[in-house]
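S.K.: Can you keep this structure in mind? I'll have questions shortly.
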Protein chains: 2
Amino acid sequence: MVPIRSYASCRMPTAAILSIGDELVLGQIPERNGGWLSAELLKLGLMASEHRTVADDRQAICAALKELASRAALVVVTGGLGPTDDDLTREALADALGTELEEDARALQDLIDLYRRRARPMPAMNRKQALRPTQSECIQNPHGTAPGIAARIGDAEVFLLPGPPNEMRPMFHDVVAPAVLGITARAGGLQIATASVHSCGLPESAAAELIRSLMERGGNPVVGTTASGAIVTARIRAMGSAATDGSLERTVQEVERAWAPYSFGRDGLTLPSALGEALLREHAMLAVAESCSGGGVGAFVTSVPGASRWFAGGLITYSNELKRELCGVPSALLERHGAVSEEVARALAQGAAERCRCRFGLSITGIAGPDGGSADKPVGLVWVGLCDRGGGDRGLVTKARSFQLLGDRDTVRERIARVSLQWVRLAALGMGDAPLLWERPTQGARA
Amino acid sequence: MVPIRSYASCRMPTAAILSIGDELVLGQIPERNGGWLSAELLKLGLMASEHRTVADDRQAICAALKELASRAALVVVTGGLGPTDDDLTREALADALGTELEEDARALQDLIDLYRRRARPMPAMNRKQALRPTQSECIQNPHGTAPGIAARIGDAEVFLLPGPPNEMRPMFHDVVAPAVLGITARAGGLQIATASVHSCGLPESAAAELIRSLMERGGNPVVGTTASGAIVTARIRAMGSAATDGSLERTVQEVERAWAPYSFGRDGLTLPSALGEALLREHAMLAVAESCSGGGVGAFVTSVPGASRWFAGGLITYSNELKRELCGVPSALLERHGAVSEEVARALAQGAAERCRCRFGLSITGIAGPDGGSADKPVGLVWVGLCDRGGGDRGLVTKARSFQLLGDRDTVRERIARVSLQWVRLAALGMGDAPLLWERPTQGARA
């Protein structure tokens, strides 16, 4: 029964994350290390209590290091370890420790070896990267020139890591993760455990209603929902003893049951992966015909390694000419109903399935905006067709559904990709008639 | 001559940004308001010096408010203004001001009116949202239930805004932006102005070498480079009088000239937009045949509204069968050379151009990983084909180039989409032979 907001009073150890860089604090490039580090710390059972981003400013970095070290058991710092004049994190750490910088013999040798392997002379400015404050240790960087630095400010363990994620992440796993396990072990074990359950096709309000009893304030595990595009996720957090007594897993299963068949996976599992599992189970292949999505559904599907076992490819029929030429949509249909219509969505889906020789053909045709809308067919209207060539006596069944999406061009395209893949997944599971988020009311019978 | 790292000593006013939320600090959802706010403040000529994210913890929020207000002229806070027990930002502001909360009559009336418009009863818990500390003012929220709050802590102007971007952003423009203009006016005008120039196809080191004189430390405007995937961006920052005397524009033009033909746009202009401009000028249409990218190039291209004027569509030939069926690649070619080969890349490009009746056909076939690599064809190897059906006597010219990319599956796919579109852009500009980043050395003559 320990919601996070009381962590200060119950004296659980926490972590703080400090990101350094002018471009970050000015909003010129997005800060992404903080979120990644927090999520990794959570997996290890330690909670971050603060993120901070400051400029390449020696005084500001030093002040932040001291403040964070006075509050947290662990401080992870990224950025400002490069070779140039505005990389000042080393100097600021020395200031915070009240010591000077000295050259680390092994770090220097690593730098020399790195440039030898690259068959390039080491620029003079890079020698600075072998400096570290006295009373600190260098951390090897297998993927770049900037070694990290480990130190202790008061009771806090402090780690400086380089900013580029491909260098920072392996160093976190090598050196920081073991330190985290030490901190949680001294505090009596896992402090926090989390899990998530993802769904697609339910509105957030309906999803929350289905798990209302689990979402009550003060519960432990506590459950919250977040919506991102078409995906509604339940985030489950167990603190203290609940982190280890099995109640997290029980809560996860309760959410999965409550959200079935819309719940498709846990934690890192993506919708295309879940779709792939469903198609593989049926030995079914998928093809697409994409108009307003322009290839985005295919790109999303093939983000899964090994997708070739259940995805063949498809047709990007952006122009009406290609709807005819590549997919065999009759000219008359396009003229009579327009490209964004039930009839054309059905013809595209059938064309994709037949021409790509797949069981399932999925089509997307809509008005992504910002222009091209009308009173009759507003921006955000998307028709999705699904052809199922089935097996044996079931023959060929083609359906189409229309959706009315809110948001800008990117949002409309992203949302329809997700909802349409959930439709294919549900169809493969034999539940293709389940209602879906943003679907328009059916408008009577049509041809 | 004022680099950012000395802002403290020259007493320029700065802003601080505080984001509040358990999910944010735990890394369960990405924090995005900070970057947006910083970028908006920059446009208004005020520099952010710090971002901070803390949990829904009353003490932590209060401490952060006090620290930030002691350093910055402006503190913008987002999140924690909802109606539930764990929304504590109002209470923390009252603590920081040393006052109590009181009900704001107008804010309460706005809430009542909002629920009346929605034809729903106002839940009792929402009444809390009309509370504000004495000595503060409510800010109307046209798009949600949470009013903002404006206050002053010491010399700092403090604004609390709701977390959802669609509510926060209009309130920023209505109320915070005018306050920012007041702060910069009192400090003698625009404090900072920025611009960026984007390039694709140059390695970052080569790009930096070409503008070395502009990148000298202490310069004003000062120029830095950042690389994100295949895009290298010059970020140009002018401080003090340089922000208004035309030197920013001169520097932008110098960078554009130095990076030609690889520089493709400024500020918000994207590579697909620049490609579209080049194709439109030539009255040329583009089609794609995508294997490992799975539709991602088409999706990227059609992120531009109006892309139908220069992009027809294409073929997602993920399976070998579809390379034959949809694109006419001879079986013998696939058997002899494999799908990832110069010969197949050429055949795919030609098939795309001819079957989609476009001047340019672009093909992508590679090994995106993590599996499927071999000694001969490692993960990250991508062949790109470009067919130009040209005009009149030029006839049909098809070329293929191979690239060796580093990174995971997503990275490989994202990078090759960018580099290949730059190739098409350069070809449309008549410079299709310009060397490109990550290209493999040519390996002698081939069929």
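We label chains A, B, ... in the order they appear in the structure tokens, count residues from 1 in each chain, and number ligands from 1 in the order shown.
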Can you list, as a ChimeraX atom specification, every residue of region 16-258 of chain B that DSSP puts in strand (DSSP E or B)?
M.R.: /B:16-20,47-54,74-78,101-103,131-133,137-139,148-153,156-161,192-200,222-228,231-239
S.K.: Near chain A, meaning an atom within 6 Å, which residues of chain B appear when counting only C-alpha atoms? Write them as a list in words.
M.R.: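 Taking only C-alpha atoms into account, Arg5, Leu26, Gly27, Gly35, Ser38, Ala39, Ala48, Glu50, His51, Arg52, Thr53, Val54, Asp56, Asp57, Gly294, Gly295, Gly296, Gly298, Ala299, Thr302, Ala312, Gly313, Gly314, Leu315, Ile316, Thr317, Tyr318 and Ser319 of chain B sit within 6 Å of chain A.
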S.K.: Expressed in Å to a single decimal, how great is the separation between CA of Leu202 (chain B) and CA of Ala434 (chain B)?
M.R.: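 Computing the Euclidean distance for CA of Leu202 (chain B) and CA of Ala434 (chain B) yields 10.3 Å.
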S.K.: Rounded to one decimal place, report the CA of Pro203 (chain A)-CA of Leu437 (chain A) distance in Å.
M.R.: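 Value for the CA of Pro203 (chain A)-CA of Leu437 (chain A) distance: 5.9 Å.
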S.K.: Give the helix (DSSP H, G or I) residues of region 50-208 of chain B, as DSSP finds them on the backbone, and put them as a VMD selection string.
M.R.: chain B and resid 58 to 71 89 to 97 105 to 117 124 to 130 165 to 186 204 to 208
S.K.: To one decimal place in Å, what is the distance between CA of His283 (chain A) and CA of Val232 (chain A)?
M.R.: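 Result for CA of His283 (chain A) versus CA of Val232 (chain A): 28.3 Å, one decimal.
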S.K.: May I ask which of the residues A:Asp408, A:Glu67, A:Glu103, A:Glu167 is the closest one to Val379 (chain A), counting only C-alpha atoms?
M.R.: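 Answer, going by the shortest atom-to-atom distance: A:Asp408.
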S.K.: Kindly indicate which residue among B:Pro133, B:Gly430, B:Gly390, B:Pro221 lies nearest to Ile192 (chain B), using only C-alpha atoms for the distances.
M.R.: B:Pro221
S.K.: For Ile236 (chain A), please output as a JSON list (two decimals) with C-alpha atoms, in the first residue's frame all residues within 10 Å (counting only C-alpha atoms; exclusion window: fewer than 3 positions along the same chain).
M.R.:
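around-v7.json was written with the following content:
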```json
[["chain", "number", "residue", "atom", "x", "y", "z"],
["A", 193, "ALA", "CA", 8.15, -3.96, -10.06],
["A", 194, "THR", "CA", 6.12, -2.99, -13.08],
["A", 195, "ALA", "CA", 4.38, -4.56, -16.03],
["A", 196, "SER", "CA", 2.15, -3.36, -18.82],
["A", 197, "VAL", "CA", -0.69, -4.82, -20.87],
["A", 214, "LEU", "CA", -8.07, -2.54, -10.18],
["A", 215, "MET", "CA", -7.51, 1.19, -10.69],
["A", 220, "ASN", "CA", -0.98, -2.06, -4.48],
["A", 221, "PRO", "CA", -0.39, -3.14, -7.22],
["A", 222, "VAL", "CA", -1.78, 0.10, -8.61],
["A", 223, "VAL", "CA", -3.04, 0.21, -12.20],
["A", 224, "GLY", "CA", -3.25, 3.23, -14.50],
["A", 225, "THR", "CA", -4.05, 3.57, -18.17],
["A", 233, "THR", "CA", -1.94, 0.42, -22.14],
["A", 248, "LEU", "CA", 1.87, -8.30, -10.07],
["A", 249, "GLU", "CA", 1.38, -11.36, -12.32],
["A", 251, "THR", "CA", -3.07, -8.32, -11.79],
["A", 252, "VAL", "CA", -1.59, -8.58, -15.27],
["A", 255, "VAL", "CA", -6.30, -6.98, -17.05]]
```
S.K.: Residues at most 12 Å from Cys200 (chain A), counting only C-alpha atoms, excluding those fewer than 3 positions away in the same chain, as a PyMOL selection string?
M.R.: chain A and resi 197+203-204+206-207+226-234+259-265+270-272+274-275+415-426+434-438
S.K.: Quick one: everything within 12 Å of Lys66 (chain A), counting only C-alpha atoms, minus sequence neighbours fewer than 3 positions away in the same chain. Send it as a list of chain:residue names.
M.R.: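 Here the qualifying residues turn out to be A:Ala16, A:Leu18, A:Gln59, A:Ala60, A:Ile61, A:Cys62, A:Ala63, A:Ala69, A:Ser70, A:Arg71, A:Ala72, A:Val75, A:Ala92, A:Leu93, A:Ala94, A:Asp95, A:Ala96, A:Leu97, A:Gly98, A:Arg152, A:Ile153, A:Gly154, A:Asp155, A:Ala156, A:Glu157, A:Val158.
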S.K.: Compare B:Gln129, B:Ser136, B:Ser363, B:Thr78 by their minimum atom-to-atom distance to Gln350 (chain B), counting only C-alpha atoms, and give me the closest one.
M.R.: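 Closest to Gln350 (chain B), using only C-alpha atoms: B:Ser363.
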S.K.: Show which residues sit within 7 Å of Gly351 (chain B), as a list in words. Count only C-alpha atoms, and ignore same-chain residues fewer than 4 positions away.
M.R.: Cys327, Gly328, Ala347 and Arg355 of chain B
S.K.: Write a file of the selected residues as a CSV table (one decimal), in the first residue's frame, keeping N, CA and C atoms.
M.R.:
```
chain,number,residue,atom,x,y,z
B,327,CYS,N,6.9,-7.4,-60.0
B,327,CYS,CA,7.9,-6.5,-60.5
B,327,CYS,C,8.7,-7.1,-61.7
B,328,GLY,N,8.4,-8.4,-62.0
B,328,GLY,CA,9.0,-9.0,-63.2
B,328,GLY,C,10.4,-9.3,-63.1
B,347,ALA,N,16.8,-4.7,-61.5
B,347,ALA,CA,15.5,-5.2,-62.1
B,347,ALA,C,14.3,-4.6,-61.3
B,355,ARG,N,6.2,-0.5,-64.5
B,355,ARG,CA,4.9,-0.9,-64.1
B,355,ARG,C,4.0,0.2,-63.6
```
S.K.: Show me, as a list in words, the residues that have an atom within 8 Å of region 172-185 of chain B when counting only C-alpha atoms, minus same-chain residues fewer than 2 positions from it.
M.R.: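 Within the cut-off, the hits are Pro13, Leu41, Leu44, Gly45, Leu46, Ala73, Leu74, Ile139, Phe159, Leu161, Met168, Arg169, Pro170, Ala187, Gly188, Gly189, Leu190 and Gln191 of chain B.
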